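As stored in input20.pdb (PDB, C-alpha atoms (C1' of nucleotides)):
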```pdb
ATOM      1  CA  MET A 156      -4.479   8.759 -13.458
ATOM      2  CA  PRO A 157      -4.336   9.180  -9.706
ATOM      3  CA  ASN A 158      -6.410  12.043  -8.361
ATOM      4  CA  ALA A 159      -5.678  14.143  -5.287
ATOM      5  CA  HIS A 160      -7.472  11.740  -2.968
ATOM      6  CA  ASP A 161      -5.453   8.802  -4.216
ATOM      7  CA  VAL A 162      -2.178  10.541  -3.581
ATOM      8  CA  LEU A 163      -3.177  11.788  -0.132
ATOM      9  CA  PHE A 164      -4.547   8.475   1.114
ATOM     10  CA  LYS A 165      -1.658   6.475  -0.319
ATOM     11  CA  THR A 166       0.924   8.844   1.101
ATOM     12  CA  LEU A 167      -0.617   8.909   4.569
ATOM     13  CA  ALA A 168      -1.298   5.163   4.620
ATOM     14  CA  ASP A 169       2.235   4.293   5.651
ATOM     15  CA  PRO A 170       2.637   4.600   9.455
ATOM     16  CA  THR A 171       6.261   5.696   9.325
ATOM     17  CA  ARG A 172       5.488   8.383   6.796
ATOM     18  CA  ARG A 173       2.435   9.555   8.696
ATOM     19  CA  ALA A 174       4.521   9.719  11.868
ATOM     20  CA  LEU A 175       7.001  11.994  10.113
ATOM     21  CA  PHE A 176       4.187  14.250   8.956
ATOM     22  CA  GLU A 177       2.616  14.297  12.426
ATOM     23  CA  ARG A 178       5.929  15.239  13.950
ATOM     24  CA  LEU A 179       6.308  18.134  11.548
ATOM     25  CA  CYS A 180       2.773  19.240  12.438
ATOM     26  CA  ARG A 181       3.413  19.034  16.182
ATOM     27  CA  GLU A 182       6.911  20.422  16.384
ATOM     28  CA  GLY A 183       7.259  22.506  13.274
ATOM     29  CA  GLU A 184      10.227  22.669  10.960
ATOM     30  CA  GLN A 185      12.865  19.941  11.340
ATOM     31  CA  THR A 186      16.072  18.932   9.607
ATOM     32  CA  VAL A 187      16.477  15.507   8.052
ATOM     33  CA  GLY A 188      19.011  14.648  10.728
ATOM     34  CA  ALA A 189      16.633  15.534  13.548
ATOM     35  CA  LEU A 190      13.858  13.505  11.963
ATOM     36  CA  THR A 191      16.165  10.547  11.373
ATOM     37  CA  SER A 192      17.425  10.495  14.971
ATOM     38  CA  GLU A 193      13.895   9.876  16.241
ATOM     39  CA  ALA A 194      12.767   7.550  13.481
ATOM     40  CA  ARG A 195      13.750   3.894  13.702
ATOM     41  CA  ILE A 196      14.892   3.708  10.126
ATOM     42  CA  SER A 197      17.945   4.765   8.163
ATOM     43  CA  GLN A 198      18.502   8.277   6.858
ATOM     44  CA  PRO A 199      17.966   7.266   3.203
ATOM     45  CA  ALA A 200      14.619   5.766   4.180
ATOM     46  CA  VAL A 201      13.659   9.033   5.884
ATOM     47  CA  SER A 202      14.695  11.012   2.824
ATOM     48  CA  LYS A 203      12.621   8.724   0.635
ATOM     49  CA  HIS A 204       9.537   9.267   2.778
ATOM     50  CA  LEU A 205      10.096  13.011   2.851
ATOM     51  CA  GLY A 206      10.363  12.955  -0.927
ATOM     52  CA  LEU A 207       6.996  11.254  -1.217
ATOM     53  CA  LEU A 208       5.416  13.631   1.316
ATOM     54  CA  LYS A 209       6.767  16.520  -0.735
ATOM     55  CA  GLN A 210       5.402  15.058  -3.975
ATOM     56  CA  ALA A 211       2.014  14.823  -2.296
ATOM     57  CA  GLY A 212       2.275  18.486  -1.330
ATOM     58  CA  LEU A 213       2.153  17.619   2.358
ATOM     59  CA  VAL A 214       5.549  19.130   3.204
ATOM     60  CA  ARG A 215       7.892  21.837   1.966
ATOM     61  CA  ASP A 216      11.672  21.831   2.084
ATOM     62  CA  ARG A 217      14.061  24.716   2.645
ATOM     63  CA  HIS A 218      17.773  24.388   2.014
ATOM     64  CA  GLU A 219      20.183  26.099   4.384
ATOM     65  CA  GLY A 220      23.804  25.269   3.919
ATOM     66  CA  ARG A 221      24.111  21.526   3.836
ATOM     67  CA  GLN A 222      20.969  21.009   5.861
ATOM     68  CA  THR A 223      17.449  20.612   4.533
ATOM     69  CA  HIS A 224      14.605  21.803   6.718
ATOM     70  CA  TYR A 225      11.188  20.247   6.212
ATOM     71  CA  SER A 226       7.871  21.649   7.410
ATOM     72  CA  ALA A 227       4.250  20.564   7.163
ATOM     73  CA  GLU A 228       2.045  22.056   4.477
ATOM     74  CA  LEU A 229      -1.245  21.736   6.274
ATOM     75  CA  GLY A 230      -3.403  23.128   3.505
ATOM     76  CA  ALA A 231      -2.715  19.943   1.593
ATOM     77  CA  LEU A 232      -5.146  18.148   3.880
ATOM     78  CA  ALA A 233      -8.080  20.108   2.483
ATOM     79  CA  PRO A 234      -9.112  17.518  -0.138
ATOM     80  CA  LEU A 235      -9.193  14.920   2.594
ATOM     81  CA  VAL A 236     -11.470  17.046   4.736
ATOM     82  CA  ASP A 237     -13.686  17.754   1.745
ATOM     83  CA  TRP A 238     -13.915  14.055   0.921
ATOM     84  CA  THR A 239     -15.031  13.074   4.409
ATOM     85  CA  LYS A 240     -17.572  15.882   4.404
ATOM     86  CA  GLU A 241     -18.864  14.741   1.030
ATOM     87  CA  MET A 242     -19.289  11.172   2.247
ATOM     88  CA  ALA A 243     -21.012  12.385   5.394
ATOM     89  CA  GLY A 244     -23.196  14.560   3.184
ATOM     90  CA  PHE A 245     -24.421  11.592   1.175
ATOM     91  CA  TRP A 246     -25.141   9.825   4.408
ATOM     92  CA  GLU A 247     -27.265  12.673   5.722
ATOM     93  CA  SER A 248     -29.124  13.273   2.471
ATOM     94  CA  ARG A 249     -30.064   9.604   2.370
ATOM     95  CA  PHE A 250     -31.178   9.904   5.940
ATOM     96  CA  ASP A 251     -33.259  12.929   4.994
ATOM     97  CA  ASP A 252     -34.800  10.925   2.180
ATOM     98  CA  LEU A 253     -35.776   8.241   4.624
ATOM     99  CA  GLU A 254     -37.179  10.857   6.955
ATOM    100  CA  ASN A 255     -39.143  12.422   4.119
ATOM    101  CA  LEU A 256     -40.452   9.054   3.131
ATOM    102  CA  LEU A 257     -41.573   8.328   6.655
ATOM    103  CA  ASN A 258     -43.165  11.761   6.933
ATOM    104  CA  ARG A 259     -45.084  11.255   3.731
ATOM    105  CA  MET A 260     -46.189   7.858   4.932
ATOM    106  CA  ASP A 261     -47.430   9.458   8.130
ATOM    107  CA  GLN A 262     -49.855  11.708   6.349
TER     108      GLN A 262
ATOM    109  CA  MET B 873       0.142  -2.972  16.414
ATOM    110  CA  PRO B 874      -1.826  -1.037  13.830
ATOM    111  CA  ASN B 875      -4.059   1.640  15.324
ATOM    112  CA  ALA B 876      -7.365   2.893  13.968
ATOM    113  CA  HIS B 877      -5.695   5.487  11.752
ATOM    114  CA  ASP B 878      -3.460   2.886  10.138
ATOM    115  CA  VAL B 879      -6.362   0.662   9.256
ATOM    116  CA  LEU B 880      -8.497   3.493   7.909
ATOM    117  CA  PHE B 881      -5.810   5.082   5.758
ATOM    118  CA  LYS B 882      -4.570   1.754   4.444
ATOM    119  CA  THR B 883      -8.062   0.546   3.646
ATOM    120  CA  LEU B 884      -9.039   3.748   1.853
ATOM    121  CA  ALA B 885      -5.718   4.052   0.031
ATOM    122  CA  ASP B 886      -6.713   1.621  -2.692
ATOM    123  CA  PRO B 887      -8.728   3.439  -5.410
ATOM    124  CA  THR B 888     -10.915   0.454  -6.256
ATOM    125  CA  ARG B 889     -11.771  -0.113  -2.627
ATOM    126  CA  ARG B 890     -12.420   3.567  -2.010
ATOM    127  CA  ALA B 891     -14.689   3.639  -5.081
ATOM    128  CA  LEU B 892     -16.735   0.783  -3.610
ATOM    129  CA  PHE B 893     -17.063   2.647  -0.333
ATOM    130  CA  GLU B 894     -18.000   5.878  -2.105
ATOM    131  CA  ARG B 895     -20.660   4.060  -4.084
ATOM    132  CA  LEU B 896     -22.163   2.644  -0.904
ATOM    133  CA  CYS B 897     -22.152   6.143   0.580
ATOM    134  CA  ARG B 898     -23.803   7.689  -2.480
ATOM    135  CA  GLU B 899     -26.326   5.039  -3.333
ATOM    136  CA  GLY B 900     -26.857   3.181  -0.092
ATOM    137  CA  GLU B 901     -27.112  -0.555   0.379
ATOM    138  CA  GLN B 902     -26.001  -2.736  -2.528
ATOM    139  CA  THR B 903     -25.613  -6.434  -3.209
ATOM    140  CA  VAL B 904     -22.271  -7.918  -4.190
ATOM    141  CA  GLY B 905     -23.642  -8.593  -7.656
ATOM    142  CA  ALA B 906     -24.710  -4.984  -8.172
ATOM    143  CA  LEU B 907     -21.323  -3.721  -6.995
ATOM    144  CA  THR B 908     -19.492  -6.191  -9.227
ATOM    145  CA  SER B 909     -21.445  -5.238 -12.335
ATOM    146  CA  GLU B 910     -20.174  -1.650 -12.088
ATOM    147  CA  ALA B 911     -16.662  -2.454 -10.960
ATOM    148  CA  ARG B 912     -14.105  -3.453 -13.577
ATOM    149  CA  ILE B 913     -12.835  -6.391 -11.618
ATOM    150  CA  SER B 914     -13.997  -9.930 -10.932
ATOM    151  CA  GLN B 915     -16.548 -10.829  -8.289
ATOM    152  CA  PRO B 916     -13.973 -12.511  -6.037
ATOM    153  CA  ALA B 917     -11.905  -9.330  -6.126
ATOM    154  CA  VAL B 918     -14.951  -7.309  -5.099
ATOM    155  CA  SER B 919     -15.677  -9.720  -2.248
ATOM    156  CA  LYS B 920     -12.079  -9.422  -1.082
ATOM    157  CA  HIS B 921     -12.293  -5.630  -0.998
ATOM    158  CA  LEU B 922     -15.623  -5.747   0.804
ATOM    159  CA  GLY B 923     -14.071  -8.087   3.345
ATOM    160  CA  LEU B 924     -11.287  -5.594   4.034
ATOM    161  CA  LEU B 925     -13.755  -2.699   4.239
ATOM    162  CA  LYS B 926     -15.757  -4.721   6.726
ATOM    163  CA  GLN B 927     -12.677  -5.523   8.798
ATOM    164  CA  ALA B 928     -11.949  -1.801   8.921
ATOM    165  CA  GLY B 929     -15.479  -1.189  10.168
ATOM    166  CA  LEU B 930     -16.283   0.897   7.110
ATOM    167  CA  VAL B 931     -19.146  -1.292   5.898
ATOM    168  CA  ARG B 932     -21.721  -3.698   7.299
ATOM    169  CA  ASP B 933     -23.148  -6.751   5.603
ATOM    170  CA  ARG B 934     -26.644  -8.165   5.815
ATOM    171  CA  HIS B 935     -27.476 -11.625   4.517
ATOM    172  CA  GLU B 936     -30.780 -12.167   2.802
ATOM    173  CA  GLY B 937     -31.202 -15.530   1.165
ATOM    174  CA  ARG B 938     -28.228 -16.076  -1.069
ATOM    175  CA  GLN B 939     -27.558 -12.394  -1.470
ATOM    176  CA  THR B 940     -25.335 -10.274   0.737
ATOM    177  CA  HIS B 941     -26.200  -6.599   1.057
ATOM    178  CA  TYR B 942     -23.432  -4.187   2.003
ATOM    179  CA  SER B 943     -23.886  -0.665   3.330
ATOM    180  CA  ALA B 944     -21.540   2.094   4.459
ATOM    181  CA  GLU B 945     -20.841   2.527   8.144
ATOM    182  CA  LEU B 946     -20.158   6.214   8.087
ATOM    183  CA  GLY B 947     -19.343   6.562  11.768
ATOM    184  CA  ALA B 948     -16.133   4.694  11.036
ATOM    185  CA  LEU B 949     -14.748   7.843   9.452
ATOM    186  CA  ALA B 950     -14.713   9.649  12.802
ATOM    187  CA  PRO B 951     -11.071   8.850  13.675
ATOM    188  CA  LEU B 952     -10.060  10.254  10.312
ATOM    189  CA  VAL B 953     -11.927  13.483  10.945
ATOM    190  CA  ASP B 954     -10.423  13.712  14.417
ATOM    191  CA  TRP B 955      -6.933  13.175  13.064
ATOM    192  CA  THR B 956      -7.203  15.966  10.513
ATOM    193  CA  LYS B 957      -8.607  18.277  13.177
ATOM    194  CA  GLU B 958      -5.741  17.383  15.476
ATOM    195  CA  MET B 959      -3.170  18.153  12.812
ATOM    196  CA  ALA B 960      -4.882  21.426  12.003
ATOM    197  CA  GLY B 961      -4.923  22.160  15.729
ATOM    198  CA  PHE B 962      -1.160  21.808  16.017
ATOM    199  CA  TRP B 963      -0.802  24.082  13.073
ATOM    200  CA  GLU B 964      -2.954  26.793  14.631
ATOM    201  CA  SER B 965      -1.385  26.530  18.079
ATOM    202  CA  ARG B 966       2.052  26.972  16.539
ATOM    203  CA  PHE B 967       0.711  29.941  14.670
ATOM    204  CA  ASP B 968      -0.645  31.324  17.934
ATOM    205  CA  ASP B 969       2.746  30.844  19.540
ATOM    206  CA  LEU B 970       4.356  32.815  16.774
ATOM    207  CA  GLU B 971       1.741  35.519  17.150
ATOM    208  CA  ASN B 972       2.309  35.636  20.916
ATOM    209  CA  LEU B 973       6.024  35.836  20.392
ATOM    210  CA  LEU B 974       5.634  38.711  17.977
ATOM    211  CA  ASN B 975       3.248  40.466  20.337
ATOM    212  CA  ARG B 976       5.691  40.141  23.222
ATOM    213  CA  MET B 977       8.453  41.435  20.995
ATOM    214  CA  ASP B 978       6.284  44.411  20.157
ATOM    215  CA  GLN B 979       6.041  45.576  23.731
TER     216      GLN B 979
ATOM    217  C1'  DT C1274     -34.112 -33.779  -6.174
ATOM    218  C1'  DC C1275     -31.354 -31.483  -9.616
ATOM    219  C1'  DA C1276     -29.800 -27.278 -11.831
ATOM    220  C1'  DA C1277     -28.862 -22.511 -11.479
ATOM    221  C1'  DT C1278     -27.576 -18.539  -8.899
ATOM    222  C1'  DT C1279     -24.972 -15.882  -5.509
ATOM    223  C1'  DC C1280     -21.172 -15.087  -2.910
ATOM    224  C1'  DA C1281     -16.891 -16.488  -0.251
ATOM    225  C1'  DT C1282     -12.569 -18.878  -0.048
ATOM    226  C1'  DA C1283      -8.229 -20.957  -1.717
ATOM    227  C1'  DG C1284      -4.284 -20.845  -4.363
ATOM    228  C1'  DC C1285      -1.434 -18.654  -7.477
ATOM    229  C1'  DC C1286       1.345 -14.846  -9.678
ATOM    230  C1'  DA C1287       3.162 -10.247 -11.055
ATOM    231  C1'  DA C1288       3.768  -5.632  -9.453
ATOM    232  C1'  DC C1289       4.572  -2.477  -5.899
ATOM    233  C1'  DG C1290       6.543  -0.633  -1.665
ATOM    234  C1'  DG C1291       9.477   0.057   2.082
ATOM    235  C1'  DG C1292      13.623  -1.280   3.974
ATOM    236  C1'  DT C1293      18.690  -1.850   3.494
ATOM    237  C1'  DT C1294      23.839  -0.622   2.065
ATOM    238  C1'  DA C1295      26.848   1.859  -0.969
ATOM    239  C1'  DT C1296      27.927   6.010  -2.918
ATOM    240  C1'  DC C1297      27.977  10.766  -4.515
ATOM    241  C1'  DA C1298      27.376  15.968  -4.361
ATOM    242  C1'  DA C1299      27.477  19.885  -1.689
ATOM    243  C1'  DT C1300      28.764  22.431   2.153
ATOM    244  C1'  DA C1301      31.474  23.557   6.370
ATOM    245  C1'  DC C1302      35.612  23.699   8.808
ATOM    246  C1'  DA C1303      40.518  22.863  10.399
TER     247       DA C1303
ATOM    248  C1'  DT D1269      43.188  22.229   0.417
ATOM    249  C1'  DG D1270      41.894  18.117   2.570
ATOM    250  C1'  DT D1271      38.488  16.100   5.747
ATOM    251  C1'  DA D1272      34.133  15.617   7.960
ATOM    252  C1'  DT D1273      29.225  16.238   7.775
ATOM    253  C1'  DT D1274      24.652  16.304   5.717
ATOM    254  C1'  DG D1275      21.319  14.627   2.778
ATOM    255  C1'  DA D1276      19.878  12.623  -1.850
ATOM    256  C1'  DT D1277      20.180   8.916  -5.197
ATOM    257  C1'  DA D1278      21.054   4.189  -6.967
ATOM    258  C1'  DA D1279      20.737  -0.611  -6.738
ATOM    259  C1'  DC D1280      18.964  -4.290  -4.594
ATOM    260  C1'  DC D1281      15.976  -7.549  -1.568
ATOM    261  C1'  DC D1282      11.884  -9.332   0.172
ATOM    262  C1'  DG D1283       7.232  -9.123   2.124
ATOM    263  C1'  DT D1284       2.703  -7.362   0.927
ATOM    264  C1'  DT D1285      -1.016  -6.578  -2.077
ATOM    265  C1'  DG D1286      -4.360  -6.767  -5.638
ATOM    266  C1'  DG D1287      -5.634  -9.165  -9.469
ATOM    267  C1'  DC D1288      -6.949 -13.678 -11.578
ATOM    268  C1'  DT D1289      -9.115 -18.672 -12.029
ATOM    269  C1'  DA D1290     -11.016 -22.584  -9.830
ATOM    270  C1'  DT D1291     -13.937 -24.259  -6.610
ATOM    271  C1'  DG D1292     -17.117 -24.844  -2.757
ATOM    272  C1'  DA D1293     -21.258 -23.708   0.263
ATOM    273  C1'  DA D1294     -25.760 -22.065   0.588
ATOM    274  C1'  DT D1295     -30.039 -20.847  -1.274
ATOM    275  C1'  DT D1296     -33.658 -20.773  -4.826
ATOM    276  C1'  DG D1297     -36.729 -22.666  -8.052
ATOM    277  C1'  DA D1298     -38.127 -26.018 -11.658
TER     278       DA D1298
END
```
Can the structure from this file be put into structure tokens for me?
Amino acid sequence: MPNAHDVLFKTLADPTRRALFERLCREGEQTVGALTSEARISQPAVSKHLGLLKQAGLVRDRHEGRQTHYSAELGALAPLVDWTKEMAGFWESRFDDLENLLNRMDQ
Amino acid sequence: MPNAHDVLFKTLADPTRRALFERLCREGEQTVGALTSEARISQPAVSKHLGLLKQAGLVRDRHEGRQTHYSAELGALAPLVDWTKEMAGFWESRFDDLENLLNRMDQ
DNA sequence: TCAATTCATAGCCAACGGGTTATCAATACA
DNA sequence: TGTATTGATAACCCGTTGGCTATGAATTGA
């Protein structure tokens, strides 16, 4: 039972796949052909990665004739941002606890 | 040549490993034994994961007698935060471009 | 000093993942 | 209508990874 964090981290863990996503973020919508021409892998490999990115909700596809245009779905990063904030939150609350402890010891 | 993002995403992609890191964030410093007792895997497996987390800079270890205490190194998450901000930045700048374009078309 | 505890390392194995080539479906065009 | 183009799917290969057991090193305590 993989949760949203699992899927996001796993999907973005592969450098090639993350590069595709970054490119879509930087340059906006791209066809599979355009993405393949810059990637150093075959077109089927690119399609596979795009399929996984789509499953993770990180990209959308739009069919136009025989071309497929992909674009980044940036909102999908939200759980990742939330997770990092949550972890940082625990950090700070523990730090506060320490501070409180020290303050109480001061009195 | 794996960069910082590679290492972070790959290290956090495994659910078991991420759970260990989360636990260290939530509850602070823990010994290997304490972490193992809650995890559903063997002690050597836990040690392996902790080793990878340490290599990624996500945890520190502190030896005390025959025990090893691990704690989260939260600053290590910074590149991840930066990356998400960067991606969001591209998104917004492209949105601004579109807005500018529409504004110019309005005149 | 000997036994027990704590953790790390080594070696092994099954599953997964990312790459390839081959091929097919759908669309565009001469 | 026949051919070329575009992208998705299938089948396969191989390196990586995450789990295990066995074992060793270091420390503690009887």
Next item on the list: On this file, the PyMOL selection byres ((chain D) within 9 of (chain A)) gives some set of residues; write that set as a list in words.
Entry: DT1273, DT1274, DG1275, DA1276 and DT1277 of chain D
Next item on the list: Starting from the shown file, work through the PyMOL selection byres ((chain A and resi 168) around 7) and note down what comes out as a ChimeraX atom specification.
Entry: /A:164-167,169-170 /B:878,881-882,885
Margin query: Excluding Arg181 in chain A and its own-chain neighbours fewer than 6 positions away, which residues fall within 10 Å of it when counting only C-alpha atoms (C1' of nucleotides)? Please give them as a list in words.
Written below: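 My reading of the contact set: Leu175 and Ala227 of chain A; Glu958, Met959, Ala960, Gly961, Phe962, Trp963, Ser965 and Arg966 of chain B.
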Just fit chain A onto chain B on all the Cα atoms, in order, by least squares, and give it as a tab-separated table (two decimals) with C-alpha atoms, in the frame of the given file.
```tsv
chain	number	residue	atom	x	y	z
A	156	MET	CA	0.17	-3.14	16.32
A	157	PRO	CA	-1.83	-1.13	13.83
A	158	ASN	CA	-4.01	1.55	15.36
A	159	ALA	CA	-7.33	2.83	14.03
A	160	HIS	CA	-5.67	5.43	11.82
A	161	ASP	CA	-3.45	2.84	10.20
A	162	VAL	CA	-6.36	0.63	9.30
A	163	LEU	CA	-8.49	3.48	7.98
A	164	PHE	CA	-5.78	5.05	5.84
A	165	LYS	CA	-4.57	1.71	4.50
A	166	THR	CA	-8.08	0.56	3.69
A	167	LEU	CA	-9.05	3.78	1.93
A	168	ALA	CA	-5.72	4.08	0.10
A	169	ASP	CA	-6.73	1.68	-2.63
A	170	PRO	CA	-8.75	3.50	-5.34
A	171	THR	CA	-10.93	0.52	-6.20
A	172	ARG	CA	-11.79	-0.05	-2.58
A	173	ARG	CA	-12.46	3.62	-1.96
A	174	ALA	CA	-14.71	3.69	-5.02
A	175	LEU	CA	-16.75	0.83	-3.58
A	176	PHE	CA	-17.09	2.68	-0.29
A	177	GLU	CA	-18.04	5.92	-2.05
A	178	ARG	CA	-20.68	4.11	-4.03
A	179	LEU	CA	-22.19	2.68	-0.88
A	180	CYS	CA	-22.19	6.17	0.63
A	181	ARG	CA	-23.85	7.73	-2.42
A	182	GLU	CA	-26.36	5.06	-3.30
A	183	GLY	CA	-26.89	3.19	-0.08
A	184	GLU	CA	-27.12	-0.54	0.37
A	185	GLN	CA	-25.99	-2.71	-2.55
A	186	THR	CA	-25.59	-6.41	-3.27
A	187	VAL	CA	-22.24	-7.87	-4.24
A	188	GLY	CA	-23.60	-8.53	-7.71
A	189	ALA	CA	-24.66	-4.92	-8.20
A	190	LEU	CA	-21.29	-3.67	-7.00
A	191	THR	CA	-19.44	-6.13	-9.22
A	192	SER	CA	-21.39	-5.16	-12.35
A	193	GLU	CA	-20.13	-1.58	-12.08
A	194	ALA	CA	-16.61	-2.38	-10.93
A	195	ARG	CA	-14.04	-3.34	-13.54
A	196	ILE	CA	-12.78	-6.30	-11.59
A	197	SER	CA	-13.94	-9.84	-10.93
A	198	GLN	CA	-16.49	-10.76	-8.29
A	199	PRO	CA	-13.90	-12.44	-6.02
A	200	ALA	CA	-11.85	-9.25	-6.11
A	201	VAL	CA	-14.93	-7.25	-5.09
A	202	SER	CA	-15.64	-9.67	-2.26
A	203	LYS	CA	-12.06	-9.36	-1.08
A	204	HIS	CA	-12.29	-5.57	-0.97
A	205	LEU	CA	-15.63	-5.71	0.82
A	206	GLY	CA	-14.07	-8.05	3.35
A	207	LEU	CA	-11.31	-5.56	4.07
A	208	LEU	CA	-13.78	-2.66	4.27
A	209	LYS	CA	-15.79	-4.70	6.75
A	210	GLN	CA	-12.70	-5.50	8.83
A	211	ALA	CA	-11.98	-1.79	8.96
A	212	GLY	CA	-15.52	-1.18	10.20
A	213	LEU	CA	-16.33	0.92	7.15
A	214	VAL	CA	-19.18	-1.30	5.93
A	215	ARG	CA	-21.75	-3.72	7.30
A	216	ASP	CA	-23.18	-6.77	5.59
A	217	ARG	CA	-26.67	-8.21	5.77
A	218	HIS	CA	-27.49	-11.65	4.43
A	219	GLU	CA	-30.80	-12.18	2.66
A	220	GLY	CA	-31.24	-15.49	0.97
A	221	ARG	CA	-28.22	-16.07	-1.19
A	222	GLN	CA	-27.50	-12.39	-1.56
A	223	THR	CA	-25.32	-10.26	0.68
A	224	HIS	CA	-26.20	-6.60	1.02
A	225	TYR	CA	-23.45	-4.18	1.98
A	226	SER	CA	-23.90	-0.66	3.34
A	227	ALA	CA	-21.58	2.10	4.47
A	228	GLU	CA	-20.86	2.53	8.16
A	229	LEU	CA	-20.16	6.23	8.13
A	230	GLY	CA	-19.34	6.56	11.80
A	231	ALA	CA	-16.14	4.68	11.09
A	232	LEU	CA	-14.74	7.83	9.51
A	233	ALA	CA	-14.70	9.62	12.86
A	234	PRO	CA	-11.06	8.81	13.73
A	235	LEU	CA	-10.05	10.20	10.37
A	236	VAL	CA	-11.89	13.44	11.02
A	237	ASP	CA	-10.39	13.65	14.49
A	238	TRP	CA	-6.89	13.10	13.12
A	239	THR	CA	-7.16	15.90	10.57
A	240	LYS	CA	-8.55	18.20	13.23
A	241	GLU	CA	-5.70	17.29	15.55
A	242	MET	CA	-3.11	18.05	12.89
A	243	ALA	CA	-4.82	21.33	12.07
A	244	GLY	CA	-4.88	22.06	15.79
A	245	PHE	CA	-1.12	21.72	16.09
A	246	TRP	CA	-0.77	23.99	13.12
A	247	GLU	CA	-2.91	26.69	14.69
A	248	SER	CA	-1.34	26.45	18.14
A	249	ARG	CA	2.08	26.89	16.57
A	250	PHE	CA	0.72	29.83	14.68
A	251	ASP	CA	-0.62	31.25	17.93
A	252	ASP	CA	2.80	30.79	19.48
A	253	LEU	CA	4.33	32.76	16.67
A	254	GLU	CA	1.69	35.43	17.08
A	255	ASN	CA	2.32	35.58	20.81
A	256	LEU	CA	6.01	35.85	20.20
A	257	LEU	CA	5.52	38.69	17.78
A	258	ASN	CA	3.14	40.42	20.18
A	259	ARG	CA	5.62	40.17	23.00
A	260	MET	CA	8.33	41.50	20.73
A	261	ASP	CA	6.09	44.43	19.88
A	262	GLN	CA	5.88	45.61	23.44
```
Check: Between C:DA1298, C:DA1303, C:DC1275, C:DA1281, which has the minimum distance to chain A (counting all atoms listed in the file)?
Finding: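 Distance minimum relative to chain A lands on C:DA1298.
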Note to self: With 9 Å as the limit and counting only C-alpha atoms (C1' of nucleotides), what residues in chain C lie close to chain A? Please list them as a PyMOL selection string.
What the structure shows: chain C and resi 1291-1293+1299-1301
Note to self: Measuring between all atoms listed in the file, which one of A:Ala194, A:Ala211, A:Cys180, A:Leu205 shows the shortest distance to chain B?
What the structure shows: A:Cys180
Margin query: Considering all atoms listed in the file, can you say which of C:DT1274, C:DA1295, C:DC1280, C:DC1285 comes closest to Thr908 in chain B?
Written below: C:DC1280
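From CA of Ser192 in chain A back to CA of Leu232 in chain A, the distance works out to 26.3 Å.
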Checklist line | Counting only C-alpha atoms, the residue of B:Gly900, B:Leu925, B:Ala891, B:Ser943 that sits nearest chain A | finding: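 The shortest atom-to-atom distance to chain A comes from B:Gly900.
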Next item on the list: Work out how far CA of Arg178 in chain A is from CA of Leu207 in chain A, in Å to one decimal.
Entry: 15.7 Å
Checklist line | For chain A, the nearest of the candidates B:Leu907, B:Tyr942, B:Arg934, B:Leu952, counting all atoms listed in the file | finding: B:Leu952
Next item on the list: Name the closest residue to chain A among the candidates B:His941, B:Lys957, B:Arg932, B:Arg912; distances are taken between atoms, counting all atoms listed in the file.
Entry: B:Lys957
Margin query: I'd like to see the residues matched by the PyMOL selection byres ((chain C and resi 1288) around 10) on this file, and ideally I'd get them as a list of chain:residue names.
Written below: C:DC1286, C:DA1287, C:DC1289, C:DG1290, D:DT1285, D:DG1286
Put those residues in a file: C-alpha atoms (C1' of nucleotides), as a PDB file, keeping the file's coordinate frame.
```
ATOM      1  C1'  DC C1286       1.345 -14.846  -9.678  1.00  0.00           C
ATOM      2  C1'  DA C1287       3.162 -10.247 -11.055  1.00  0.00           C
ATOM      3  C1'  DC C1289       4.572  -2.477  -5.899  1.00  0.00           C
ATOM      4  C1'  DG C1290       6.543  -0.633  -1.665  1.00  0.00           C
TER       5       DG C1290
ATOM      6  C1'  DT D1285      -1.016  -6.578  -2.077  1.00  0.00           C
ATOM      7  C1'  DG D1286      -4.360  -6.767  -5.638  1.00  0.00           C
TER       8       DG D1286
END
```
Notebook entry, point to check: Could you state the separation of C1' of DG1284 in chain C and CA of Val879 in chain B in Å, given to one decimal place?
Noted result: 25.5 Å
Next item on the list: For DA1290 in chain D, list every protein, DNA or RNA residue within 10 Å, evaluated using only C-alpha atoms (C1' of nucleotides), and leave out those in the same chain fewer than 2 positions away; present the list as a PyMOL selection string.
Entry: (chain C and resi 1283-1284) or (chain D and resi 1288+1292)
Edge lengths and centre in Å to one decimal, as lines of an AutoDock Vina configuration file, is what I'm after for the box along x, y and z that holds all listed atoms of range 1289-1294 of chain C once 5 Å is added on each side.
```
center_x = 14.2
center_y = -1.2
center_z = -1.0
size_x = 29.3
size_y = 12.5
size_z = 19.9
```
Starting from the incomplete input, reconstruct N, CA and C atoms of range 218-223 of chain A and write that as an mmCIF file, keeping the file's coordinate frame.
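Everything below was put into result_38.cif:
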```cif
data_model
loop_
_atom_site.group_PDB
_atom_site.id
_atom_site.type_symbol
_atom_site.label_atom_id
_atom_site.label_comp_id
_atom_site.auth_asym_id
_atom_site.auth_seq_id
_atom_site.Cartn_x
_atom_site.Cartn_y
_atom_site.Cartn_z
ATOM 1 N N HIS A 218 16.355 24.731 1.915
ATOM 2 C CA HIS A 218 17.773 24.388 2.014
ATOM 3 C C HIS A 218 18.525 25.518 2.708
ATOM 4 N N GLU A 219 19.396 25.109 3.649
ATOM 5 C CA GLU A 219 20.183 26.099 4.384
ATOM 6 C C GLU A 219 21.547 25.473 4.612
ATOM 7 N N GLY A 220 22.495 25.900 3.863
ATOM 8 C CA GLY A 220 23.804 25.269 3.919
ATOM 9 C C GLY A 220 23.692 23.843 3.466
ATOM 10 N N ARG A 221 24.234 22.934 4.245
ATOM 11 C CA ARG A 221 24.111 21.526 3.836
ATOM 12 C C ARG A 221 22.940 20.841 4.503
ATOM 13 N N GLN A 222 22.148 21.590 5.227
ATOM 14 C CA GLN A 222 20.969 21.009 5.861
ATOM 15 C C GLN A 222 19.715 21.305 5.042
ATOM 16 N N THR A 223 18.753 20.398 5.150
ATOM 17 C CA THR A 223 17.449 20.612 4.533
ATOM 18 C C THR A 223 16.399 20.612 5.634
#
```
